[in-house]
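Q: The structure is given below, and queries will be raised subsequently.
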Amino acid sequence: MFGSALPPSQPGSLALSCTLHRLPGAVTPTHSLQVLPSARCCPLAPAKPRQAMEGEPTLRLRIFDLNCWAIRYLSKRRQERVRLIGDTLRREGFDLVLLQEVWSEQDYSDLRVKLAGCYPFSHYFRSGVIGSGLCVFSRFPILDTLLYQYSLNGYPYMLQHGDWFCGKSVGLVIIKISGIIFNVYVTHLHAEYCREKDAYLPHRLVQAWELAQFIRHTSKAADVVLLGGDLNMHPEDVGIRLLRGWTGLRDAFAEAMRFEGCKNGCTLVPDNCFIDKSELLPFPLGIRIDYILYKAISSFTVKCEELKTTTGPALGTDIPFSDHEAVMATLHIQRRGQPVGAALGAADLALADVVTEARTEVGVGLQAAQRQRYSSGRMAVLALLLLLLQAAAALGILAGLGTEQPFPKLSFCLLAFLALGVLVLATGLHLFHTMEVKMLHGTKDQMGMALRALQERPSEG
C-alpha cells in the first residue's frame, strides 16, 4: 500500500541518519518550498558518541511539528491526508517529527511502517478514552519516555467539544545525539471554543502550569529542552507567558534568523479549506497557536536558524496536510565556555505579575466550580428526597395505610425513574466538580508558593 518500507527498528538499533550534519557554522540556502529542503535517508554506522567541546562545529537539528486533525469518521479526507503527511516526511527527512491529533492507532501504525526507513525510532503516547493523539518519530534512538496526563481537561457533559474524552497530556522522549541529551516534549492543550466567554480558560491555565512544572522537574539532567505542540493559546495569552516565564523556553518564531510562511507565523489561517472561516472573523490574518519552543541547559547554546510554516495545499495536491499549518524549525546547538546562571531581579518581578494574573484566573474558575458543585449537590439531595417520599408512599399503600394509590401507577413509576436518573446524574456531576475544585485549589496553592518565592528572591541578593 505504501511501497517498499523497512521494518521498524527496535530501540537497540544503531542506525543513524546522515542528515544531521556537524557543519562549521554554515547555513543552508532558503528555498521557496512549503517544507524544508529535502534530504536523503542514508543510515550509517554511528561513531561512538562524544561531547562537543567549545569551538567545535555546530550540531544542526531539523524539527517538524503538526496538529494532524486525524479524527476517525469526523475529519475530512483523513486517510488521504495521513498518507500525504507520511510521503512528505519520508521525502524531506527531518530529524524529529512531533505530531498531535493522531487519534487512530491504525494511522500511527501506517505512518510507522511507511517511515521506518527514515525514522527508525518512534513512540505513541496512549491515554484517556480515545488516546492522547501524541506521537514522535525520530532518526535517533529514544532512550526513555514518560507521559503525564493533565488533571483537568474540560467537562464530560460537553459532548459537542469532546476534549474530556481525550487524554490530553504531555509526552516526553529522551534522545542522545553526539553526547548531547535532548528532552523532547510534545503536547496538546484544551481547545478555545469562544474567546469572549472562554469557559475553559481555568482548565487551560492549569494545563499550562502543569506542563511548565513537568518540564522544570524532568529536564534537570538534560542539555537541551524542546517543546512542540498545539497549545491553543495566542502568543500574548497569559498561559503562554506563564509557560515561557516559568520554564525559560524561547519561541522559535520570535528567535528565528529567517522566517518563511504564513504572515506572523499563523498556523490557523482563513485560506485553509478545512477551517470554519466564521471562527476567524476577528482575526483576518489567522492565529498562531502551534509552537516550537526551546532552551539550552548547562553549557550549551541553541539558536533558531530558520522557521517555516506550510502555506495551504501541499505540493502537487489540492488539500493541505491538516486544518493547521505545519511548523518547521532548524536549530543550531553548540557548546559554550561556562554555564550561565539564571538571571534574577526585574525578570522575576515580571514573572511574578504573570503568575499573579494566572492565579487570579484560576481563582475565578475555582469559584465557578464551587458554585457548580453546590448546584449539583442540591439537585442530588432534592432527587433523593423525592425518591424517599415515593418510597414512603409505596410502603404506606402496601401496609394498608391508604385506601387507594394517590397517583396512577404508570405516572408514579415514571416519576420514580426520573428522580432516580436525576439523582445519578447530579451525584456524578457533584463528584466531578468536587474533583475539579480540588485540582483548581491545588494549582492555586502551588502558584501562591511560587509567587512568594519570586517576590522574596530579589531581596536575597
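Chain identifiers are assigned as A, B, and so on, following the order in which chains appear in the C-alpha cells; residues are numbered from 1 within each chain, and ligands are numbered from 1 in order of appearance.
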Please provide the set of residues having any atom within 12 Å of Leu201 in chain A, restricted to only C-alpha atoms, with same-chain residues fewer than 4 positions apart removed, written as a PDB file with all heavy atoms, in the first residue's frame.

A:
```
ATOM      1  N   LEU A 152      -6.987  18.324  34.713  1.00  0.00           N
ATOM      2  CA  LEU A 152      -8.259  18.892  34.263  1.00  0.00           C
ATOM      3  C   LEU A 152      -8.256  18.988  32.748  1.00  0.00           C
ATOM      4  O   LEU A 152      -7.252  19.373  32.137  1.00  0.00           O
ATOM      5  CB  LEU A 152      -8.486  20.285  34.867  1.00  0.00           C
ATOM      6  CG  LEU A 152      -8.733  20.341  36.380  1.00  0.00           C
ATOM      7  CD1 LEU A 152      -8.880  21.784  36.843  1.00  0.00           C
ATOM      8  CD2 LEU A 152      -9.978  19.542  36.764  1.00  0.00           C
ATOM      9  N   ASN A 153      -9.416  18.665  32.149  1.00  0.00           N
ATOM     10  CA  ASN A 153      -9.472  18.669  30.686  1.00  0.00           C
ATOM     11  C   ASN A 153     -10.903  18.829  30.201  1.00  0.00           C
ATOM     12  O   ASN A 153     -11.414  18.020  29.452  1.00  0.00           O
ATOM     13  CB  ASN A 153      -8.867  17.374  30.135  1.00  0.00           C
ATOM     14  CG  ASN A 153      -8.702  17.416  28.635  1.00  0.00           C
ATOM     15  OD1 ASN A 153      -8.320  18.434  28.074  1.00  0.00           O
ATOM     16  ND2 ASN A 153      -9.007  16.323  27.972  1.00  0.00           N
ATOM     17  N   GLY A 154     -11.572  19.890  30.664  1.00  0.00           N
ATOM     18  CA  GLY A 154     -12.932  20.123  30.201  1.00  0.00           C
ATOM     19  C   GLY A 154     -13.963  19.335  30.987  1.00  0.00           C
ATOM     20  O   GLY A 154     -13.676  18.797  32.073  1.00  0.00           O
ATOM     21  N   LEU A 189      -2.988  21.138  24.276  1.00  0.00           N
ATOM     22  CA  LEU A 189      -3.810  21.659  25.363  1.00  0.00           C
ATOM     23  C   LEU A 189      -5.266  21.811  24.924  1.00  0.00           C
ATOM     24  O   LEU A 189      -5.593  21.728  23.743  1.00  0.00           O
ATOM     25  CB  LEU A 189      -3.259  23.007  25.842  1.00  0.00           C
ATOM     26  CG  LEU A 189      -1.803  23.037  26.306  1.00  0.00           C
ATOM     27  CD1 LEU A 189      -1.498  24.368  26.983  1.00  0.00           C
ATOM     28  CD2 LEU A 189      -1.475  21.883  27.236  1.00  0.00           C
ATOM     29  N   HIS A 190      -6.132  22.066  25.902  1.00  0.00           N
ATOM     30  CA  HIS A 190      -7.568  22.169  25.656  1.00  0.00           C
ATOM     31  C   HIS A 190      -7.875  23.293  24.661  1.00  0.00           C
ATOM     32  O   HIS A 190      -7.300  24.369  24.718  1.00  0.00           O
ATOM     33  CB  HIS A 190      -8.307  22.433  26.972  1.00  0.00           C
ATOM     34  CG  HIS A 190      -9.773  22.149  26.908  1.00  0.00           C
ATOM     35  ND1 HIS A 190     -10.649  22.895  26.142  1.00  0.00           N
ATOM     36  CD2 HIS A 190     -10.536  21.204  27.519  1.00  0.00           C
ATOM     37  CE1 HIS A 190     -11.873  22.424  26.289  1.00  0.00           C
ATOM     38  NE2 HIS A 190     -11.820  21.384  27.111  1.00  0.00           N
ATOM     39  N   ALA A 191      -8.798  23.031  23.767  1.00  0.00           N
ATOM     40  CA  ALA A 191      -9.152  23.996  22.726  1.00  0.00           C
ATOM     41  C   ALA A 191      -9.885  25.199  23.315  1.00  0.00           C
ATOM     42  O   ALA A 191     -10.518  25.120  24.372  1.00  0.00           O
ATOM     43  CB  ALA A 191     -10.015  23.323  21.671  1.00  0.00           C
ATOM     44  N   GLU A 192      -9.786  26.312  22.590  1.00  0.00           N
ATOM     45  CA  GLU A 192     -10.516  27.529  22.950  1.00  0.00           C
ATOM     46  C   GLU A 192     -11.696  27.660  21.990  1.00  0.00           C
ATOM     47  O   GLU A 192     -11.524  27.938  20.819  1.00  0.00           O
ATOM     48  CB  GLU A 192      -9.605  28.746  22.828  1.00  0.00           C
ATOM     49  CG  GLU A 192     -10.286  30.064  23.151  1.00  0.00           C
ATOM     50  CD  GLU A 192      -9.383  31.256  22.870  1.00  0.00           C
ATOM     51  OE1 GLU A 192      -9.286  31.661  21.705  1.00  0.00           O
ATOM     52  OE2 GLU A 192      -8.757  31.756  23.816  1.00  0.00           O
ATOM     53  N   TYR A 193     -12.902  27.479  22.488  1.00  0.00           N
ATOM     54  CA  TYR A 193     -14.074  27.473  21.620  1.00  0.00           C
ATOM     55  C   TYR A 193     -14.745  28.843  21.520  1.00  0.00           C
ATOM     56  O   TYR A 193     -15.458  29.102  20.560  1.00  0.00           O
ATOM     57  CB  TYR A 193     -15.085  26.426  22.105  1.00  0.00           C
ATOM     58  CG  TYR A 193     -14.573  25.011  21.957  1.00  0.00           C
ATOM     59  CD1 TYR A 193     -13.998  24.338  23.031  1.00  0.00           C
ATOM     60  CD2 TYR A 193     -14.633  24.359  20.734  1.00  0.00           C
ATOM     61  CE1 TYR A 193     -13.511  23.039  22.889  1.00  0.00           C
ATOM     62  CE2 TYR A 193     -14.152  23.064  20.588  1.00  0.00           C
ATOM     63  CZ  TYR A 193     -13.593  22.417  21.672  1.00  0.00           C
ATOM     64  OH  TYR A 193     -13.103  21.143  21.520  1.00  0.00           O
ATOM     65  N   CYS A 194     -14.542  29.684  22.493  1.00  0.00           N
ATOM     66  CA  CYS A 194     -15.127  31.027  22.468  1.00  0.00           C
ATOM     67  C   CYS A 194     -14.187  31.955  23.226  1.00  0.00           C
ATOM     68  O   CYS A 194     -14.063  31.841  24.438  1.00  0.00           O
ATOM     69  CB  CYS A 194     -16.523  31.040  23.094  1.00  0.00           C
ATOM     70  SG  CYS A 194     -17.282  32.684  23.115  1.00  0.00           S
ATOM     71  N   ARG A 195     -13.540  32.853  22.478  1.00  0.00           N
ATOM     72  CA  ARG A 195     -12.536  33.703  23.116  1.00  0.00           C
ATOM     73  C   ARG A 195     -13.178  34.729  24.041  1.00  0.00           C
ATOM     74  O   ARG A 195     -12.597  35.106  25.070  1.00  0.00           O
ATOM     75  CB  ARG A 195     -11.700  34.410  22.046  1.00  0.00           C
ATOM     76  CG  ARG A 195     -10.467  35.105  22.624  1.00  0.00           C
ATOM     77  CD  ARG A 195      -9.428  35.338  21.574  1.00  0.00           C
ATOM     78  NE  ARG A 195      -8.241  35.975  22.120  1.00  0.00           N
ATOM     79  CZ  ARG A 195      -7.250  35.329  22.710  1.00  0.00           C
ATOM     80  NH1 ARG A 195      -7.316  34.014  22.833  1.00  0.00           N
ATOM     81  NH2 ARG A 195      -6.194  35.975  23.167  1.00  0.00           N
ATOM     82  N   GLU A 196     -14.379  35.210  23.705  1.00  0.00           N
ATOM     83  CA  GLU A 196     -15.034  36.227  24.529  1.00  0.00           C
ATOM     84  C   GLU A 196     -15.494  35.658  25.862  1.00  0.00           C
ATOM     85  O   GLU A 196     -15.361  36.299  26.905  1.00  0.00           O
ATOM     86  CB  GLU A 196     -16.234  36.834  23.775  1.00  0.00           C
ATOM     87  CG  GLU A 196     -15.862  37.696  22.583  1.00  0.00           C
ATOM     88  CD  GLU A 196     -15.374  36.866  21.400  1.00  0.00           C
ATOM     89  OE1 GLU A 196     -15.763  35.674  21.320  1.00  0.00           O
ATOM     90  OE2 GLU A 196     -14.594  37.395  20.593  1.00  0.00           O
ATOM     91  N   LYS A 197     -16.043  34.446  25.841  1.00  0.00           N
ATOM     92  CA  LYS A 197     -16.500  33.800  27.067  1.00  0.00           C
ATOM     93  C   LYS A 197     -15.867  32.409  27.135  1.00  0.00           C
ATOM     94  O   LYS A 197     -16.511  31.404  26.843  1.00  0.00           O
ATOM     95  CB  LYS A 197     -18.029  33.701  27.105  1.00  0.00           C
ATOM     96  CG  LYS A 197     -18.719  35.062  27.148  1.00  0.00           C
ATOM     97  CD  LYS A 197     -20.233  34.907  27.206  1.00  0.00           C
ATOM     98  CE  LYS A 197     -20.929  36.263  27.270  1.00  0.00           C
ATOM     99  NZ  LYS A 197     -22.410  36.128  27.311  1.00  0.00           N
ATOM    100  N   LEU A 205      -5.219  26.996  31.804  1.00  0.00           N
ATOM    101  CA  LEU A 205      -4.148  27.542  32.643  1.00  0.00           C
ATOM    102  C   LEU A 205      -3.585  26.481  33.581  1.00  0.00           C
ATOM    103  O   LEU A 205      -2.369  26.449  33.829  1.00  0.00           O
ATOM    104  CB  LEU A 205      -4.674  28.737  33.441  1.00  0.00           C
ATOM    105  CG  LEU A 205      -4.800  30.043  32.663  1.00  0.00           C
ATOM    106  CD1 LEU A 205      -5.448  31.114  33.526  1.00  0.00           C
ATOM    107  CD2 LEU A 205      -3.445  30.517  32.171  1.00  0.00           C
ATOM    108  N   VAL A 206      -4.445  25.631  34.113  1.00  0.00           N
ATOM    109  CA  VAL A 206      -3.957  24.512  34.928  1.00  0.00           C
ATOM    110  C   VAL A 206      -3.053  23.615  34.085  1.00  0.00           C
ATOM    111  O   VAL A 206      -1.978  23.180  34.533  1.00  0.00           O
ATOM    112  CB  VAL A 206      -5.136  23.718  35.524  1.00  0.00           C
ATOM    113  CG1 VAL A 206      -4.641  22.414  36.157  1.00  0.00           C
ATOM    114  CG2 VAL A 206      -5.869  24.548  36.571  1.00  0.00           C
ATOM    115  N   GLN A 207      -3.466  23.348  32.846  1.00  0.00           N
ATOM    116  CA  GLN A 207      -2.647  22.523  31.963  1.00  0.00           C
ATOM    117  C   GLN A 207      -1.305  23.193  31.668  1.00  0.00           C
ATOM    118  O   GLN A 207      -0.259  22.544  31.677  1.00  0.00           O
ATOM    119  CB  GLN A 207      -3.401  22.239  30.666  1.00  0.00           C
ATOM    120  CG  GLN A 207      -4.600  21.328  30.848  1.00  0.00           C
ATOM    121  CD  GLN A 207      -5.348  21.070  29.548  1.00  0.00           C
ATOM    122  OE1 GLN A 207      -5.128  21.744  28.536  1.00  0.00           O
ATOM    123  NE2 GLN A 207      -6.249  20.104  29.557  1.00  0.00           N
ATOM    124  N   ALA A 208      -1.337  24.509  31.395  1.00  0.00           N
ATOM    125  CA  ALA A 208      -0.090  25.234  31.126  1.00  0.00           C
ATOM    126  C   ALA A 208       0.836  25.197  32.337  1.00  0.00           C
ATOM    127  O   ALA A 208       2.060  25.039  32.203  1.00  0.00           O
ATOM    128  CB  ALA A 208      -0.398  26.681  30.726  1.00  0.00           C
ATOM    129  N   ASN A 232      -3.015  25.913  21.775  1.00  0.00           N
ATOM    130  CA  ASN A 232      -4.332  26.552  21.766  1.00  0.00           C
ATOM    131  C   ASN A 232      -4.346  27.878  22.526  1.00  0.00           C
ATOM    132  O   ASN A 232      -5.334  28.221  23.173  1.00  0.00           O
ATOM    133  CB  ASN A 232      -5.386  25.597  22.344  1.00  0.00           C
ATOM    134  CG  ASN A 232      -5.919  24.634  21.291  1.00  0.00           C
ATOM    135  OD1 ASN A 232      -6.323  25.053  20.217  1.00  0.00           O
ATOM    136  ND2 ASN A 232      -5.894  23.351  21.592  1.00  0.00           N
ATOM    137  N   MET A 233      -3.255  28.612  22.446  1.00  0.00           N
ATOM    138  CA  MET A 233      -3.163  29.925  23.074  1.00  0.00           C
ATOM    139  C   MET A 233      -2.419  30.869  22.142  1.00  0.00           C
ATOM    140  O   MET A 233      -1.478  30.459  21.457  1.00  0.00           O
ATOM    141  CB  MET A 233      -2.426  29.842  24.417  1.00  0.00           C
ATOM    142  CG  MET A 233      -3.179  29.050  25.481  1.00  0.00           C
ATOM    143  SD  MET A 233      -2.324  29.026  27.081  1.00  0.00           S
ATOM    144  CE  MET A 233      -0.974  27.902  26.734  1.00  0.00           C
ATOM    145  N   ASP A 237      -1.149  35.463  25.256  1.00  0.00           N
ATOM    146  CA  ASP A 237      -2.069  34.988  26.290  1.00  0.00           C
ATOM    147  C   ASP A 237      -1.309  34.695  27.583  1.00  0.00           C
ATOM    148  O   ASP A 237      -0.116  34.359  27.570  1.00  0.00           O
ATOM    149  CB  ASP A 237      -2.802  33.735  25.822  1.00  0.00           C
ATOM    150  CG  ASP A 237      -3.899  34.047  24.821  1.00  0.00           C
ATOM    151  OD1 ASP A 237      -4.154  35.238  24.562  1.00  0.00           O
ATOM    152  OD2 ASP A 237      -4.503  33.092  24.290  1.00  0.00           O
ATOM    153  N   VAL A 238      -2.021  34.793  28.683  1.00  0.00           N
ATOM    154  CA  VAL A 238      -1.368  34.615  29.986  1.00  0.00           C
ATOM    155  C   VAL A 238      -0.774  33.212  30.115  1.00  0.00           C
ATOM    156  O   VAL A 238       0.278  33.032  30.738  1.00  0.00           O
ATOM    157  CB  VAL A 238      -2.366  34.909  31.127  1.00  0.00           C
ATOM    158  CG1 VAL A 238      -3.565  33.970  31.096  1.00  0.00           C
ATOM    159  CG2 VAL A 238      -1.676  34.827  32.479  1.00  0.00           C
ATOM    160  N   GLY A 239      -1.417  32.213  29.521  1.00  0.00           N
ATOM    161  CA  GLY A 239      -0.901  30.851  29.631  1.00  0.00           C
ATOM    162  C   GLY A 239       0.450  30.683  28.960  1.00  0.00           C
ATOM    163  O   GLY A 239       1.343  30.003  29.486  1.00  0.00           O
ATOM    164  N   ALA A 358      -2.320  34.713  36.264  1.00  0.00           N
ATOM    165  CA  ALA A 358      -2.797  33.347  36.065  1.00  0.00           C
ATOM    166  C   ALA A 358      -3.527  32.834  37.302  1.00  0.00           C
ATOM    167  O   ALA A 358      -4.570  32.169  37.201  1.00  0.00           O
ATOM    168  CB  ALA A 358      -1.623  32.434  35.717  1.00  0.00           C
ATOM    169  N   ARG A 359      -2.989  33.127  38.467  1.00  0.00           N
ATOM    170  CA  ARG A 359      -3.605  32.674  39.719  1.00  0.00           C
ATOM    171  C   ARG A 359      -4.994  33.294  39.905  1.00  0.00           C
ATOM    172  O   ARG A 359      -5.915  32.643  40.405  1.00  0.00           O
ATOM    173  CB  ARG A 359      -2.702  33.033  40.893  1.00  0.00           C
ATOM    174  CG  ARG A 359      -3.121  32.440  42.231  1.00  0.00           C
ATOM    175  CD  ARG A 359      -2.001  32.600  43.259  1.00  0.00           C
ATOM    176  NE  ARG A 359      -2.363  31.990  44.517  1.00  0.00           N
ATOM    177  CZ  ARG A 359      -2.857  32.669  45.564  1.00  0.00           C
ATOM    178  NH1 ARG A 359      -3.036  33.982  45.476  1.00  0.00           N
ATOM    179  NH2 ARG A 359      -3.164  32.040  46.683  1.00  0.00           N
ATOM    180  N   THR A 360      -5.148  34.544  39.479  1.00  0.00           N
ATOM    181  CA  THR A 360      -6.455  35.192  39.558  1.00  0.00           C
ATOM    182  C   THR A 360      -7.469  34.475  38.678  1.00  0.00           C
ATOM    183  O   THR A 360      -8.615  34.233  39.091  1.00  0.00           O
ATOM    184  CB  THR A 360      -6.342  36.667  39.132  1.00  0.00           C
ATOM    185  OG1 THR A 360      -5.425  37.332  40.012  1.00  0.00           O
ATOM    186  CG2 THR A 360      -7.689  37.355  39.197  1.00  0.00           C
ATOM    187  N   GLU A 361      -7.054  34.123  37.441  1.00  0.00           N
ATOM    188  CA  GLU A 361      -7.960  33.411  36.534  1.00  0.00           C
ATOM    189  C   GLU A 361      -8.320  32.033  37.082  1.00  0.00           C
ATOM    190  O   GLU A 361      -9.464  31.586  36.969  1.00  0.00           O
ATOM    191  CB  GLU A 361      -7.319  33.279  35.155  1.00  0.00           C
ATOM    192  CG  GLU A 361      -7.142  34.591  34.409  1.00  0.00           C
ATOM    193  CD  GLU A 361      -8.466  35.199  33.979  1.00  0.00           C
ATOM    194  OE1 GLU A 361      -9.501  34.518  34.076  1.00  0.00           O
ATOM    195  OE2 GLU A 361      -8.460  36.364  33.533  1.00  0.00           O
ATOM    196  N   VAL A 362      -7.337  31.349  37.672  1.00  0.00           N
ATOM    197  CA  VAL A 362      -7.620  30.046  38.285  1.00  0.00           C
ATOM    198  C   VAL A 362      -8.588  30.216  39.448  1.00  0.00           C
ATOM    199  O   VAL A 362      -9.491  29.387  39.655  1.00  0.00           O
ATOM    200  CB  VAL A 362      -6.312  29.378  38.749  1.00  0.00           C
ATOM    201  CG1 VAL A 362      -6.600  28.141  39.600  1.00  0.00           C
ATOM    202  CG2 VAL A 362      -5.462  28.994  37.547  1.00  0.00           C
ATOM    203  N   GLY A 363      -8.441  31.311  40.209  1.00  0.00           N
ATOM    204  CA  GLY A 363      -9.378  31.589  41.309  1.00  0.00           C
ATOM    205  C   GLY A 363     -10.795  31.804  40.813  1.00  0.00           C
ATOM    206  O   GLY A 363     -11.758  31.346  41.445  1.00  0.00           O
ATOM    207  N   VAL A 364     -10.940  32.482  39.671  1.00  0.00           N
ATOM    208  CA  VAL A 364     -12.273  32.669  39.076  1.00  0.00           C
ATOM    209  C   VAL A 364     -12.870  31.318  38.704  1.00  0.00           C
ATOM    210  O   VAL A 364     -14.053  31.041  38.953  1.00  0.00           O
ATOM    211  CB  VAL A 364     -12.185  33.589  37.843  1.00  0.00           C
ATOM    212  CG1 VAL A 364     -13.524  33.618  37.105  1.00  0.00           C
ATOM    213  CG2 VAL A 364     -11.773  35.001  38.251  1.00  0.00           C
ATOM    214  N   GLY A 365     -12.049  30.461  38.115  1.00  0.00           N
ATOM    215  CA  GLY A 365     -12.526  29.116  37.786  1.00  0.00           C
ATOM    216  C   GLY A 365     -12.879  28.311  39.010  1.00  0.00           C
ATOM    217  O   GLY A 365     -13.841  27.521  39.000  1.00  0.00           O
ATOM    218  N   LEU A 366     -12.123  28.492  40.086  1.00  0.00           N
ATOM    219  CA  LEU A 366     -12.409  27.789  41.336  1.00  0.00           C
ATOM    220  C   LEU A 366     -13.772  28.194  41.890  1.00  0.00           C
ATOM    221  O   LEU A 366     -14.552  27.332  42.326  1.00  0.00           O
ATOM    222  CB  LEU A 366     -11.308  28.087  42.347  1.00  0.00           C
ATOM    223  CG  LEU A 366     -11.485  27.533  43.755  1.00  0.00           C
ATOM    224  CD1 LEU A 366     -11.591  26.015  43.733  1.00  0.00           C
ATOM    225  CD2 LEU A 366     -10.337  27.969  44.661  1.00  0.00           C
ATOM    226  N   ALA A 368     -16.324  29.336  40.183  1.00  0.00           N
ATOM    227  CA  ALA A 368     -17.348  28.767  39.302  1.00  0.00           C
ATOM    228  C   ALA A 368     -17.546  27.282  39.588  1.00  0.00           C
ATOM    229  O   ALA A 368     -18.683  26.790  39.619  1.00  0.00           O
ATOM    230  CB  ALA A 368     -16.957  28.982  37.843  1.00  0.00           C
ATOM    231  N   LEU A 440      -8.230  22.695  41.033  1.00  0.00           N
ATOM    232  CA  LEU A 440      -8.058  24.141  40.910  1.00  0.00           C
ATOM    233  C   LEU A 440      -7.480  24.740  42.189  1.00  0.00           C
ATOM    234  O   LEU A 440      -6.617  25.618  42.141  1.00  0.00           O
ATOM    235  CB  LEU A 440      -9.398  24.796  40.573  1.00  0.00           C
ATOM    236  CG  LEU A 440      -9.923  24.559  39.145  1.00  0.00           C
ATOM    237  CD1 LEU A 440     -11.372  24.991  39.039  1.00  0.00           C
ATOM    238  CD2 LEU A 440      -9.070  25.312  38.126  1.00  0.00           C
TER     239      LEU A 440
END
```

Q: Find the residue from A:Arg250, A:Asp290, A:His217, A:Tyr119 that sits nearest to His234 in chain A; use only C-alpha atoms when measuring.

A: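 Checking each candidate against His234 in chain A, we get A:Asp290 as the closest.
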
Q: Find the residues around Glu306 in chain A up to 9 Å (only C-alpha atoms counted), leave out those fewer than 6 positions away in its own chain, and share them as a PyMOL selection string.

A: chain A and resi 30+252-253+255-260+328-331

Q: Which residues of range 290-309 of chain A come within 12 Å of range 261-284 of chain A, and what is each one's closest atom pair and distance in Å (one decimal), counting only C-alpha atoms, sorted by chain and residue number, as a tab-separated table?

A:
```
residue	atom	partner	partner_atom	distance
A:Asp290	CA	A:Thr267	CA	6.2
A:Tyr291	CA	A:Thr267	CA	9.0
A:Ile292	CA	A:Gly265	CA	11.3
A:Glu306	CA	A:Gly261	CA	11.0
A:Leu307	CA	A:Gly261	CA	8.3
A:Lys308	CA	A:Gly261	CA	5.4
A:Thr309	CA	A:Gly261	CA	4.6
```

Q: For the structure I just gave you, how does DSSP split range 75-248 of chain A - specifically, which residues are alpha helix (DSSP H)? Reply as a VMD selection string.

A: chain A and resid 78 to 92 105 to 114 201 to 218 238 to 247

Q: Residues near Val184 in chain A, anyone? I mean within 12 Å using only C-alpha atoms, not counting same-chain ones fewer than 2 positions away, as a PyMOL selection string.

A: chain A and resi 63+65+96-98+123+135-138+142-147+170-176+181-182+186-187+215+218-219+222-229+292-295

Q: Could you give me, as a PyMOL selection string, each residue of range 58-96 of chain A that DSSP assigns to strand (DSSP E) when run on this structure's backbone?

A: chain A and resi 58-70+96

Q: As an mmCIF file with C-alpha atoms, in the first residue's frame, please: the residues near Gly448 in chain A (cut-off 12 Å, only C-alpha atoms, same-chain neighbours under 4 positions excluded).

A:
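As written to disk, selection33.cif reads:
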```
data_model
loop_
_atom_site.group_PDB
_atom_site.id
_atom_site.type_symbol
_atom_site.label_atom_id
_atom_site.label_comp_id
_atom_site.auth_asym_id
_atom_site.auth_seq_id
_atom_site.Cartn_x
_atom_site.Cartn_y
_atom_site.Cartn_z
ATOM 1 C CA ALA A 352 5.535 37.386 39.435
ATOM 2 C CA ASP A 353 2.999 39.594 37.649
ATOM 3 C CA VAL A 354 2.265 36.795 35.167
ATOM 4 C CA VAL A 355 1.837 34.225 37.950
ATOM 5 C CA THR A 356 -0.476 36.637 39.778
ATOM 6 C CA GLU A 357 -2.609 37.090 36.669
ATOM 7 C CA ALA A 358 -2.797 33.347 36.065
ATOM 8 C CA ARG A 359 -3.605 32.674 39.719
ATOM 9 C CA THR A 360 -6.455 35.192 39.558
ATOM 10 C CA VAL A 362 -7.620 30.046 38.285
ATOM 11 C CA GLY A 363 -9.378 31.589 41.309
ATOM 12 C CA HIS A 441 -7.468 24.737 44.604
ATOM 13 C CA GLY A 442 -4.235 22.754 44.486
ATOM 14 C CA THR A 443 -2.963 24.675 41.450
ATOM 15 C CA LYS A 444 -3.863 27.988 43.081
ATOM 16 C CA ARG A 452 6.054 34.067 47.302
ATOM 17 C CA ALA A 453 9.364 32.586 46.153
ATOM 18 C CA LEU A 454 9.573 35.036 43.247
ATOM 19 C CA GLN A 455 8.758 38.011 45.445
#
```

Q: Restricting the calculation to only C-alpha atoms: of A:Ala369, A:Ile297, A:Ala212, A:Val82, which residue gets closest to Tyr155 in chain A?

A: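 Smallest distance to Tyr155 in chain A is found for A:Ala369.
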
Q: Show me a table, sorted first by chain and then by increasing residue number, of the residues of range 371-461 of chain A having an atom at most 12 Å from range 241-248 of chain A, each with its shortest atom pair and the distance in Å to one decimal, counting only C-alpha atoms and written as CSV.

A:
```
residue,atom,partner,partner_atom,distance
A:Met447,CA,A:Leu242,CA,10.5
A:Ala450,CA,A:Trp246,CA,9.5
A:Leu451,CA,A:Trp246,CA,10.9
A:Leu454,CA,A:Trp246,CA,10.5
```

Q: Counting only C-alpha atoms, what is within 9 Å of range 419-429 of chain A, bar same-chain residues fewer than 2 positions away, as JSON, numbers by chain?

A: {"A": [157, 372, 373, 375, 376, 377, 378, 379, 380, 381, 382, 383, 384, 386, 387, 414, 415, 416, 417, 431, 432, 433, 434]}

Q: Find, counting only C-alpha atoms, the residue in A:Tyr150, A:Phe165, A:Phe125, A:Phe412 that gets nearest to Trp209 in chain A.

A: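 Using only C-alpha atoms, the shortest distance to Trp209 in chain A belongs to A:Tyr150.
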
Q: Quick one: of A:Tyr124, A:Phe140, A:Phe94, A:Trp103, who's nearest to Leu74 in chain A, counting only C-alpha atoms?

A: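 Among A:Tyr124, A:Phe140, A:Phe94, A:Trp103, it is A:Trp103 that comes nearest to Leu74 in chain A.
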
Q: At a cut-off of 7 Å, using only C-alpha atoms, what residues contact Ser132 in chain A? Leave out same-chain residues fewer than 4 positions from it and give the result as a count of residues only.

A: 8

Q: In Å, how far is it from CA of Arg90 in chain A to CA of Thr310 in chain A?

A: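 Going from CA of Arg90 in chain A over to CA of Thr310 in chain A covers 16.4 Å.
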
Q: Work out how far apart CA of Ile130 in chain A and CA of Glu325 in chain A are and give it in Å to one decimal.

A: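 Interatomic distance, CA of Ile130 in chain A to CA of Glu325 in chain A: 23.7 Å.
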
Q: What is the CA of Lys303 in chain A to CA of Leu249 in chain A distance in Å?

A: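 Atom-to-atom, CA of Lys303 in chain A and CA of Leu249 in chain A are spaced 12.1 Å apart.
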